[in-house]
file query.cif (mmCIF, C-alpha atoms)
data_model
loop_
_atom_site.label_atom_id
_atom_site.label_comp_id
_atom_site.auth_asym_id
_atom_site.auth_seq_id
_atom_site.Cartn_x
_atom_site.Cartn_y
_atom_site.Cartn_z
CA MET A 259 -20.58 17.96 -17.76
CA GLN A 260 -18.00 20.40 -16.40
CA VAL A 261 -15.33 21.72 -18.75
CA LEU A 262 -11.90 21.82 -17.17
CA GLY A 263 -9.19 24.25 -18.17
CA ARG A 264 -5.78 23.04 -19.34
CA VAL A 265 -4.11 23.77 -15.98
CA GLN A 266 -6.78 21.82 -14.08
CA ILE A 267 -6.44 18.83 -16.41
CA GLU A 268 -2.63 18.84 -16.12
CA TYR A 269 -2.97 18.97 -12.32
CA LEU A 270 -5.34 15.98 -12.34
CA VAL A 271 -2.97 14.03 -14.61
CA ILE A 272 -0.05 14.74 -12.25
CA ILE A 273 -2.03 13.62 -9.20
CA LYS A 274 -3.21 10.44 -10.95
CA ALA A 275 0.24 9.64 -12.35
CA GLY A 276 2.21 9.69 -9.14
CA ARG A 277 2.82 10.87 -5.61
CA TYR A 278 2.48 14.56 -4.97
CA ASN A 279 4.41 16.08 -2.07
CA ASN A 280 1.99 18.53 -0.42
CA LYS A 281 4.61 19.99 1.94
CA LYS A 282 6.90 21.25 -0.80
CA GLY A 283 4.39 21.38 -3.62
CA ALA A 284 6.64 19.31 -5.86
CA MET A 285 6.16 16.06 -7.68
CA LEU A 286 8.13 13.09 -6.39
CA ASP A 287 9.62 10.64 -8.88
CA GLU A 288 7.18 8.02 -10.07
CA ARG A 289 9.03 4.72 -10.37
CA ARG A 290 6.24 2.15 -10.48
CA ASN A 291 6.28 -0.51 -13.16
CA TYR A 292 2.68 -1.58 -12.54
CA ILE A 293 -0.49 0.34 -11.71
CA ARG A 294 -1.47 0.00 -8.07
CA LYS A 295 -4.88 -1.48 -7.25
CA SER A 296 -6.96 -0.14 -4.35
CA LEU A 297 -8.29 -2.65 -1.89
CA SER A 298 -12.02 -2.90 -1.25
CA SER A 299 -11.71 -5.22 1.74
CA THR A 300 -9.44 -5.17 4.77
CA VAL A 301 -6.02 -6.84 4.67
CA SER A 302 -4.24 -6.58 8.02
CA VAL A 303 -0.44 -6.70 8.25
CA PHE A 304 1.51 -8.34 11.09
CA ASP A 305 5.25 -8.77 11.67
CA SER A 306 6.04 -12.44 10.97
CA LYS A 307 8.59 -12.68 13.81
CA THR A 308 6.80 -10.83 16.62
CA ASN A 309 3.14 -11.05 15.50
CA GLU A 310 2.95 -7.29 16.18
CA TYR A 311 0.16 -5.49 14.32
CA ILE A 312 1.71 -3.17 11.70
CA GLY A 313 -1.24 -1.70 9.80
CA LEU A 314 -3.45 -2.17 6.75
CA VAL A 315 -2.66 -2.60 3.05
CA ALA A 316 -4.10 0.44 1.23
CA ASP A 317 -3.12 -0.55 -2.31
CA TRP A 318 -0.77 -2.90 -4.12
CA SER A 319 0.79 -3.90 -7.44
CA LYS A 320 2.98 -6.80 -8.54
CA ASP A 321 6.09 -5.00 -7.32
CA GLY A 322 4.95 -2.83 -4.42
CA LEU A 323 2.38 -1.93 -1.82
CA LEU A 324 1.28 0.89 0.47
CA ILE A 325 0.71 0.15 4.15
CA THR A 326 -1.04 2.65 6.41
CA SER A 327 -0.07 2.49 10.06
CA SER A 328 -1.00 4.31 13.25
CA VAL A 329 1.74 2.73 15.34
CA ASN A 330 5.07 4.39 14.46
CA PRO A 331 6.89 5.37 11.29
CA ILE A 332 8.45 2.37 9.58
CA ARG A 333 12.22 2.51 9.07
CA VAL A 334 13.09 3.24 5.42
CA GLY A 335 15.55 0.89 3.69
CA ALA A 336 14.81 -2.11 5.91
CA VAL A 337 13.48 -5.45 4.66
CA PHE A 338 10.51 -6.91 6.53
CA ARG A 339 8.69 -10.24 6.56
CA TYR A 340 4.97 -9.73 7.00
CA MET A 341 1.95 -11.96 7.47
CA LEU A 342 -1.16 -10.75 5.63
CA LEU A 343 -4.56 -11.62 7.08
CA SER A 344 -7.90 -11.19 5.35
CA GLN A 345 -11.37 -12.50 6.02
CA SER A 346 -12.21 -14.99 3.30
CA PRO A 347 -14.82 -13.53 0.91
CA ASN A 348 -16.47 -16.95 0.46
CA HIS A 349 -16.48 -17.99 4.12
CA SER A 350 -17.04 -15.16 6.58
CA ASP A 351 -15.76 -17.26 9.50
CA THR A 352 -12.48 -18.15 7.73
CA THR A 353 -9.32 -16.04 7.71
CA ASP A 354 -6.92 -16.24 4.77
CA ARG A 355 -3.19 -15.92 5.57
CA ALA A 356 -0.22 -15.31 3.31
CA SER A 357 3.38 -14.19 3.63
CA ILE A 358 5.27 -11.42 1.93
CA GLN A 359 8.74 -9.88 2.15
CA ALA A 360 9.19 -6.23 1.26
CA GLU A 361 11.69 -3.39 1.54
CA SER A 362 10.44 -0.01 2.81
CA VAL A 363 11.21 2.68 0.24
CA TRP A 364 9.56 5.75 1.77
CA CYS A 365 7.52 6.70 4.84
CA GLU A 366 5.45 9.86 5.29
CA GLN A 367 3.19 11.09 8.07
CA SER A 368 -0.18 11.44 6.35
CA SER A 369 -1.99 12.91 9.38
CA PRO A 370 -1.12 13.55 13.04
CA SER A 371 -1.73 9.90 13.92
CA PHE A 372 -1.16 7.97 10.66
CA TYR A 373 1.82 7.06 8.48
CA GLY A 374 1.92 5.79 4.93
CA THR A 375 4.82 3.58 3.91
CA GLY A 376 5.65 2.50 0.37
CA PHE A 377 7.25 -0.92 -0.05
CA LYS A 378 9.04 -2.71 -2.88
CA ILE A 379 8.07 -6.38 -2.82
CA THR A 380 11.16 -8.60 -2.66
CA ALA A 381 9.36 -11.96 -2.24
CA ILE A 382 5.68 -12.83 -2.45
CA SER A 383 3.91 -16.16 -2.22
CA ALA A 384 1.25 -17.20 -4.73
CA ASP A 385 -1.20 -17.21 -1.82
CA ALA A 386 -0.35 -13.57 -1.05
CA GLU A 387 -0.94 -12.52 -4.67
CA LYS A 388 -4.25 -14.36 -4.65
CA LEU A 389 -5.27 -12.81 -1.31
CA LEU A 390 -4.42 -9.28 -2.45
CA ASP A 391 -6.10 -9.67 -5.86
CA ALA A 392 -9.27 -11.01 -4.18
CA SER A 393 -9.29 -7.93 -1.90
CA CYS A 394 -9.31 -5.42 -4.78
CA HIS A 395 -12.36 -3.68 -6.29
#

call {"tool": "encode", "arguments": {"input": "query.cif", "output": "structure tokens"}}
result
Amino acid sequence: MQVLGRVQIEYLVIIKAGRYNNKKGAMLDERRNYIRKSLSSTVSVFDSKTNEYIGLVADWSKDGLLITSSVNPIRVGAVFRYMLLSQSPNHSDTTDRASIQAESVWCEQSSPSFYGTGFKITAISADAEKLLDASCH
């Protein structure tokens, strides 16, 4: 077992508690009401109007989610209607679908070709909650 110093422990607590801005080295405000759950299976996101592929759900909670995208940055402050698609865990040849509406709150470039966008959920179907919960560890 490795003993960590006080500074190391505080750093780990900060990283676990919220988003850390690597560019400026400062902590961003943590405003989540629920702990986000990481997904262990793939949930793809498509625009409900255009059927355009948007990205993948990285994690989610009852009031928000993180979508990773390689397409373009997602406009902050806009409300989107998305279709979530996931392969059914019980039937590998079946795809589960559910709808969600969410407002983009922040968008950051996480690497040269990927963006992470945080969303506040404004409307979610029971099927979407079920699909996302079934996709978590």

call {"tool": "residues_around", "arguments": {"input": "query.cif", "residues": "Ile358 in chain A", "least_positions_apart": "6", "cutoff": "6 Å", "atoms": "all atoms listed in the file", "output": "list in words"}}
result
Arg339, Tyr340, Ala381 and Ile382 of chain A

call {"tool": "resolve_selection", "arguments": {"input": "query.cif", "expression": "the PyMOL selection byres ((chain A and resi 391) around 10)", "output": "ChimeraX atom specification"}}
result
/A:295-297,318-320,385-390,392-395

call {"tool": "closest_residue", "arguments": {"input": "query.cif", "among": "A:Val303, A:Ile325, A:Ile293, A:Leu343", "to": "Phe372 in chain A", "atoms": "all atoms listed in the file"}}
result
A:Ile325

call {"tool": "resolve_selection", "arguments": {"input": "query.cif", "expression": "the PyMOL selection byres ((chain A and resi 361-365) around 12)", "output": "number ranges by chain"}}
result
A: 277, 286-287, 289-290, 321-327, 330-340, 358-360, 366-368, 372-382

call {"tool": "atom_distance", "arguments": {"input": "query.cif", "atom1": "CA of Thr300 in chain A", "atom2": "CA of Ile312 in chain A"}}
result
13.3 Å

call {"tool": "atom_distance", "arguments": {"input": "query.cif", "atom1": "CA of Ser302 in chain A", "atom2": "CA of Met341 in chain A"}}
result
8.2 Å

call {"tool": "atom_distance", "arguments": {"input": "query.cif", "atom1": "CA of Ser369 in chain A", "atom2": "CA of Lys307 in chain A"}}
result
28.0 Å

call {"tool": "closest_residue", "arguments": {"input": "query.cif", "among": "A:Ser371, A:Ser344, A:Ser328, A:Ser299", "to": "Ser357 in chain A", "atoms": "only C-alpha atoms"}}
result
A:Ser344
